[in-house]
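Peer 1: One structure coming up, written as structure tokens, with questions to follow.
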Amino acid sequence: MLPEKIVDKFEHETDKKLDTQSKHKIFDGFKNNKTINEVLDKTTIMTLHDLINKHIISYVNGVVRSGKESQLFWAVDKNGKDIALKIYLVSTSSFKKRASYILGDPRFSKIRKGTRNLVYLWAKKEFRNLIQCVERAIPSTKPIYVTKNILVMEFVGKNGVPEKTLVEAEVSQKDYESTISLIKRLYKEAKLVHGDLSEFNIFKTENGLMLFDLASGVDIHHPNAHEFLKRDINNISKFFVKRGLTVANPADIFELVTK
Ligand SMILES: Nc1ncnc2c1ncn2[C@@H]1O[C@H](COP(=O)(O)OP(=O)(O)OP(=O)(O)O)[C@@H](O)[C@H]1O
Ligand SMILES: [Mg+2]
């Protein structure tokens with residue numbers, strides 16, 4: 001079965017299960033879908049529970065990073081392997097900003113109304129972008145599963161500590177060249193533009209650079225794909241210049257990537 005079909009099937013099963021559960025009214029201490037610690041709402045907790053029931057994870061160790069729009073959790077699977085859970089927050093989601101990265105992408109022609117649905121679609125979009133990278137062997141965080149607002153990935157790092165990103169690491173001329181090569185491969189092979197590329201969204205591992213945070217990634221046919229690509233190239237160029245390295249003219253890189 002294709003990964004997307006698998007996802008749809010699992011999502012359908014989860015939805016069905018949650019629907020049946022809500023019909024039986026569970027008294028679990030949650031009131032009117034209130035959020036816990038201002039972050040996880042009842043549906044998210046139930047989705048986590050469902051991931052455990054489906055044996056995708058065994059347990060959750062805790063929060064690794066808290067962002068404005070997502071939180072990263074460290075979980076463990078049944079084989080003791082570390083897993084990263086990226087949980088998109090429904091409460092702080094900015095609908096407008098996200099819609100512009102979805103509308104116009106030929107892969108996502110239909111958007112169901114409502115912030116919650118858009119957040120689910122956003123998680124699915126990151127999953128799908130990561131799959132497209134994996135299919136082309138482009139170094140990126142390996143996706144495992146997606147359901148509602150939770151994206152399950154391999155954990156990049158050790159003992160719950162993520163690998164260093166470019167901004168946290170020493171960088172060299174070779175890293176600049178590798179970054180440009182990744183942008184090019186993403187465009188030419190995965191047919192994607194990252195859309196939020198910067199020194200904060202690239203891991204520097206002992207096996208080389210690795211892309212992550214691909215939720216903003218768009219198909220190269222998205223009407224703004226080239227604008228996003230220019231911005232990505234500019235961000236990267238500025239970062240390496242700040243670190244005292246020599247970079248090519250961003251316009252030439254744009255030509256190189258798109259020609
Ligand atoms: N698969 C992973 N394994 C380990 N750590 C990860 C993984 N994915 C993300 N992280 C960590 O979580 C942080 C946030 O992840 P990401 O950049 O995907 O989310 P974000 O929505 O951009 O968050 P923010 O609002 O903080 O920018 C990263 O900087 C990284 O340290
Ligand atoms: Mg990020």
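Naming works like this for the structure tokens: A, B, ... for the chains as they're shown, residue 1 at the start of each chain, ligands 1 onward in shown order.
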Name all residues at most 9 Å from segment 109-118 of chain A (count only C-alpha atoms; drop same-chain ones fewer than 2 positions away) and give them as an MDAnalysis selection string.
Peer 2: chainID A and resid 90:91 93:95 98:99 102:107 120:123 148:149
Peer 1: Do you know which residues are at most 12 Å from Glu177 of chain A counting only C-alpha atoms, after dropping those on the same chain fewer than 3 positions away, and could you put them as a PyMOL selection string?
Peer 2: chain A and resi 171-174+180-184+208-209+233+236-237+240+245-248+253
Peer 1: As a PyMOL selection string, list the residues of segment 105-255 of chain A assigned to alpha helix (DSSP H) by DSSP on the backbone atoms of this structure.
Peer 2: chain A and resi 115-135+173-188+225-242+250-255
Peer 1: If the limit is 9 Å from any atom of ligand 1, counting only C-alpha atoms and all ligand atoms, which residues qualify? Return them as a compact mmCIF listing (two decimals) with N, CA and C atoms, in the first residue's frame.
Peer 2:
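Result went into pocket_22.txt, see below:
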```txt
# COMPACT_ATOMS: atom_id res chain seq x y z
N VAL A 64 10.67 18.19 24.58
CA VAL A 64 12.06 18.50 24.24
C VAL A 64 12.18 19.99 23.89
N ARG A 65 11.32 20.47 23.04
CA ARG A 65 11.31 21.87 22.63
C ARG A 65 9.88 22.38 22.54
N SER A 66 9.67 23.59 23.01
CA SER A 66 8.35 24.20 22.87
C SER A 66 8.44 25.37 21.93
N GLY A 67 7.69 25.32 20.88
CA GLY A 67 7.65 26.46 19.95
C GLY A 67 6.29 27.13 20.07
N LYS A 68 6.12 28.18 19.28
CA LYS A 68 4.85 28.90 19.31
C LYS A 68 3.73 28.05 18.70
N GLU A 69 4.08 27.32 17.64
CA GLU A 69 3.04 26.60 16.92
C GLU A 69 3.14 25.09 17.02
N SER A 70 4.22 24.61 17.63
CA SER A 70 4.34 23.16 17.81
C SER A 70 5.19 22.87 19.04
N GLN A 71 5.02 21.64 19.54
CA GLN A 71 5.88 21.18 20.63
C GLN A 71 6.50 19.87 20.20
N LEU A 72 7.78 19.68 20.53
CA LEU A 72 8.42 18.44 20.18
C LEU A 72 8.57 17.56 21.42
N PHE A 73 8.03 16.35 21.35
CA PHE A 73 8.10 15.41 22.47
C PHE A 73 9.06 14.28 22.15
N TRP A 74 9.68 13.78 23.20
CA TRP A 74 10.54 12.61 23.08
C TRP A 74 9.72 11.41 23.56
N ASP A 82 14.20 5.66 20.24
CA ASP A 82 13.69 7.01 20.46
C ASP A 82 12.87 7.50 19.27
N ILE A 83 11.79 8.17 19.59
CA ILE A 83 10.87 8.66 18.58
C ILE A 83 10.60 10.15 18.87
N ALA A 84 10.48 10.93 17.80
CA ALA A 84 10.11 12.34 17.97
C ALA A 84 8.65 12.52 17.60
N LEU A 85 7.91 13.20 18.47
CA LEU A 85 6.51 13.52 18.16
C LEU A 85 6.42 15.03 18.00
N LYS A 86 6.06 15.46 16.82
CA LYS A 86 5.84 16.90 16.64
C LYS A 86 4.35 17.14 16.74
N ILE A 87 3.97 17.83 17.79
CA ILE A 87 2.55 18.08 18.01
C ILE A 87 2.24 19.53 17.65
N TYR A 88 1.44 19.68 16.62
CA TYR A 88 1.03 21.03 16.20
C TYR A 88 -0.06 21.53 17.12
N SER A 140 16.85 13.75 5.43
CA SER A 140 15.82 14.50 6.16
C SER A 140 15.31 13.60 7.28
N THR A 141 14.58 14.18 8.23
CA THR A 141 14.05 13.37 9.33
C THR A 141 13.08 12.33 8.75
N LYS A 142 13.22 11.07 9.16
CA LYS A 142 12.39 10.00 8.58
C LYS A 142 11.00 9.98 9.22
N PRO A 143 9.97 10.16 8.39
CA PRO A 143 8.61 10.14 8.95
C PRO A 143 8.16 8.70 9.21
N VAL A 152 4.76 11.72 13.68
CA VAL A 152 5.71 10.81 14.35
C VAL A 152 6.93 10.64 13.44
N MET A 153 8.12 10.85 14.01
CA MET A 153 9.34 10.75 13.21
C MET A 153 10.42 10.02 13.98
N GLU A 154 11.47 9.64 13.28
CA GLU A 154 12.64 9.12 13.98
C GLU A 154 13.24 10.27 14.79
N PHE A 155 13.81 9.95 15.94
CA PHE A 155 14.42 10.98 16.77
C PHE A 155 15.86 11.19 16.32
N VAL A 156 16.20 12.42 15.96
CA VAL A 156 17.58 12.70 15.54
C VAL A 156 18.31 13.32 16.73
N GLY A 157 19.19 12.54 17.33
CA GLY A 157 19.90 13.00 18.53
C GLY A 157 20.06 11.83 19.48
N LYS A 158 20.50 12.15 20.72
CA LYS A 158 20.72 11.08 21.71
C LYS A 158 20.10 11.45 23.05
N GLY A 160 17.24 11.96 24.18
CA GLY A 160 16.26 13.04 24.24
C GLY A 160 16.82 14.42 23.93
N VAL A 161 18.09 14.47 23.53
CA VAL A 161 18.67 15.76 23.15
C VAL A 161 18.85 15.79 21.63
N PRO A 162 18.17 16.74 20.97
CA PRO A 162 18.30 16.78 19.51
C PRO A 162 19.71 17.10 19.05
N GLU A 163 20.02 16.62 17.88
CA GLU A 163 21.28 16.92 17.19
C GLU A 163 21.40 18.44 17.05
N LYS A 164 22.64 18.94 16.93
CA LYS A 164 22.83 20.39 16.75
C LYS A 164 22.31 20.83 15.39
N THR A 165 21.73 22.02 15.35
CA THR A 165 21.35 22.60 14.07
C THR A 165 22.53 23.45 13.60
N ASP A 196 10.84 27.32 4.41
CA ASP A 196 11.20 27.89 5.72
C ASP A 196 12.65 27.50 6.03
N PHE A 200 18.21 27.29 11.32
CA PHE A 200 17.47 26.67 12.43
C PHE A 200 16.80 25.36 12.03
N ASN A 201 16.71 25.11 10.71
CA ASN A 201 15.98 23.93 10.24
C ASN A 201 16.84 22.93 9.48
N ILE A 202 18.14 22.93 9.80
CA ILE A 202 19.06 21.93 9.22
C ILE A 202 19.91 21.37 10.35
N PHE A 203 19.88 20.05 10.51
CA PHE A 203 20.73 19.41 11.51
C PHE A 203 22.11 19.19 10.92
N PHE A 212 15.02 19.38 8.06
CA PHE A 212 13.80 19.07 8.82
C PHE A 212 12.88 20.27 8.82
N ASP A 213 11.76 20.12 9.53
CA ASP A 213 10.73 21.18 9.60
C ASP A 213 10.23 21.53 8.20
N LEU A 214 9.67 20.54 7.53
CA LEU A 214 9.24 20.73 6.14
C LEU A 214 7.75 21.03 5.96
N ALA A 215 7.09 21.47 7.01
CA ALA A 215 5.65 21.72 6.89
C ALA A 215 5.34 22.83 5.89
```
Peer 1: Check the smallest atom-to-atom distance from each of A:Leu166, A:Val241, A:Ile144, A:Ala225 to ligand 2 using only C-alpha atoms and all ligand atoms, then report the winner.
Peer 2: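 That would be A:Leu166, the residue with the smallest distance to ligand 2.
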Peer 1: For Ala251 of chain A, work out the shell of residues within 10 Å, counting only C-alpha atoms and skipping chain neighbours fewer than 5 positions away, then give it as a ChimeraX atom specification.
Peer 2: /A:230,233-234,256-257
Peer 1: Deliver the residues from the most recent selection as a file, using C-alpha atoms, as a tab-separated table (two decimals), in the first residue's frame.
Peer 2:
```
chain	number	residue	atom	x	y	z
A	230	LYS	CA	14.59	32.89	-3.39
A	233	ILE	CA	18.54	30.88	-0.73
A	234	ASN	CA	18.82	34.39	0.77
A	256	LEU	CA	21.54	26.77	-10.83
A	257	VAL	CA	18.67	25.22	-8.85
```
Peer 1: Write down as a ChimeraX atom specification the residues of segment 29-236 of chain A whose backbone DSSP state falls under strand (DSSP E or B).
Peer 2: /A:36,40,59-66,70-76,82-88,140,143-147,150-154,157-158,161-162,165,192-193,202-205,208-211,218-219
Peer 1: With only C-alpha atoms as the counted atoms, please give the residues lying no more than 9 Å from His194 of chain A, apart from itself and same-chain residues fewer than 2 positions off, as a count of residues only.
Peer 2: 17
Peer 1: When you count only C-alpha atoms and all ligand atoms, which of these residues is closest to ligand 2: A:Gly195, A:Arg136, A:Ile131, A:Thr92?
Peer 2: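 Answer, going by the shortest atom-to-atom distance: A:Gly195.
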Peer 1: Residues near Thr44 of chain A, anyone? I mean within 10 Å using only C-alpha atoms, not counting same-chain ones fewer than 2 positions away, as a CSV table (one decimal) with N, CA, C and O atoms, in the first residue's frame.
Peer 2:
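Final output, result_26.csv:
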```
chain,number,residue,atom,x,y,z
A,33,ASN,N,-13.3,20.4,26.4
A,33,ASN,CA,-12.1,20.4,25.5
A,33,ASN,C,-11.1,21.5,26.0
A,33,ASN,O,-10.4,22.1,25.1
A,35,THR,N,-7.6,23.1,27.4
A,35,THR,CA,-6.3,22.6,27.2
A,35,THR,C,-5.6,22.3,28.5
A,35,THR,O,-5.9,22.9,29.5
A,36,ILE,N,-4.6,21.4,28.4
A,36,ILE,CA,-3.8,21.0,29.6
A,36,ILE,C,-2.5,21.8,29.6
A,36,ILE,O,-1.9,21.9,28.5
A,39,VAL,N,-1.4,23.8,26.6
A,39,VAL,CA,-0.8,23.3,25.4
A,39,VAL,C,-1.7,22.2,24.7
A,39,VAL,O,-2.2,22.3,23.7
A,40,LEU,N,-1.8,21.0,25.4
A,40,LEU,CA,-2.4,19.9,24.8
A,40,LEU,C,-3.9,19.9,25.1
A,40,LEU,O,-4.3,19.8,26.3
A,41,ASP,N,-4.7,19.8,24.1
A,41,ASP,CA,-6.2,19.8,24.4
A,41,ASP,C,-6.6,18.3,24.4
A,41,ASP,O,-5.8,17.4,24.2
A,42,LYS,N,-7.9,18.1,24.8
A,42,LYS,CA,-8.4,16.8,25.0
A,42,LYS,C,-8.2,15.9,23.8
A,42,LYS,O,-7.7,14.7,23.9
A,46,MET,N,-6.1,12.3,23.5
A,46,MET,CA,-6.7,11.1,23.0
A,46,MET,C,-6.0,10.6,21.8
A,46,MET,O,-5.8,9.3,21.6
A,47,THR,N,-5.4,11.4,21.0
A,47,THR,CA,-4.6,11.0,19.8
A,47,THR,C,-3.4,10.4,20.3
A,47,THR,O,-2.9,9.3,19.7
A,48,LEU,N,-2.7,10.9,21.3
A,48,LEU,CA,-1.5,10.3,21.9
A,48,LEU,C,-1.9,8.9,22.4
A,48,LEU,O,-1.1,8.0,22.2
A,49,HIS,N,-3.0,8.8,23.1
A,49,HIS,CA,-3.4,7.6,23.7
A,49,HIS,C,-3.6,6.5,22.5
A,49,HIS,O,-3.2,5.4,22.7
A,50,ASP,N,-4.2,7.0,21.4
A,50,ASP,CA,-4.4,6.2,20.3
A,50,ASP,C,-3.1,5.6,19.7
A,50,ASP,O,-3.0,4.5,19.2
A,87,ILE,N,4.0,17.8,17.8
A,87,ILE,CA,2.5,18.1,18.0
A,87,ILE,C,2.2,19.5,17.7
A,87,ILE,O,2.8,20.5,18.3
A,88,TYR,N,1.4,19.7,16.6
A,88,TYR,CA,1.0,21.0,16.2
A,88,TYR,C,-0.1,21.5,17.1
A,88,TYR,O,-1.0,20.8,17.4
A,89,LEU,N,0.1,22.7,17.6
A,89,LEU,CA,-0.8,23.3,18.5
A,89,LEU,C,-2.0,23.9,17.8
A,89,LEU,O,-1.8,24.6,16.8
A,90,VAL,N,-3.2,23.5,18.2
A,90,VAL,CA,-4.4,23.9,17.5
A,90,VAL,C,-4.7,25.3,18.0
A,90,VAL,O,-5.1,26.2,17.2
A,147,THR,N,-1.1,11.4,12.3
A,147,THR,CA,-2.5,11.3,12.6
A,147,THR,C,-2.9,12.7,13.3
A,147,THR,O,-2.3,13.2,14.2
A,148,LYS,N,-4.0,13.2,12.8
A,148,LYS,CA,-4.5,14.5,13.3
A,148,LYS,C,-3.4,15.5,13.4
A,148,LYS,O,-2.7,15.7,12.4
A,149,ASN,N,-3.1,16.1,14.6
A,149,ASN,CA,-2.1,17.1,14.6
A,149,ASN,C,-0.7,16.6,15.2
A,149,ASN,O,0.1,17.3,15.6
A,150,ILE,N,-0.5,15.2,15.1
A,150,ILE,CA,0.7,14.7,15.6
A,150,ILE,C,1.5,14.0,14.4
A,150,ILE,O,1.0,13.1,13.8
```
Peer 1: Hey, which of A:Cys133, A:Glu199, A:Lys78, A:Glu255 ends up closest to ligand 2? Count only C-alpha atoms and all ligand atoms.
Peer 2: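 Smallest separation from ligand 2 among the options: A:Glu199.
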Peer 1: To one decimal place, how far is atom CA of Asp252 of chain A from atom CA of Lys238 of chain A in Å?
Peer 2: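 Spanning atom CA of Asp252 of chain A to atom CA of Lys238 of chain A is a straight-line distance of 14.8 Å.
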Peer 1: Fewer than 5 positions away in the same chain doesn't count, so skip those; otherwise give me all residues within 7 Å of segment 53-58 of chain A, counting only C-alpha atoms, as a list of chain:residue names.
Peer 2: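 What passes the distance filter is A:Ala75, A:Val76, A:Asp77, A:Lys78.
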Peer 1: If you measure from atom CA of Tyr145 of chain A to atom CA of Phe108 of chain A, what distance in Å do you get, rounded to one decimal?
Peer 2: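 Calculated distance between atom CA of Tyr145 of chain A and atom CA of Phe108 of chain A is 18.7 Å.
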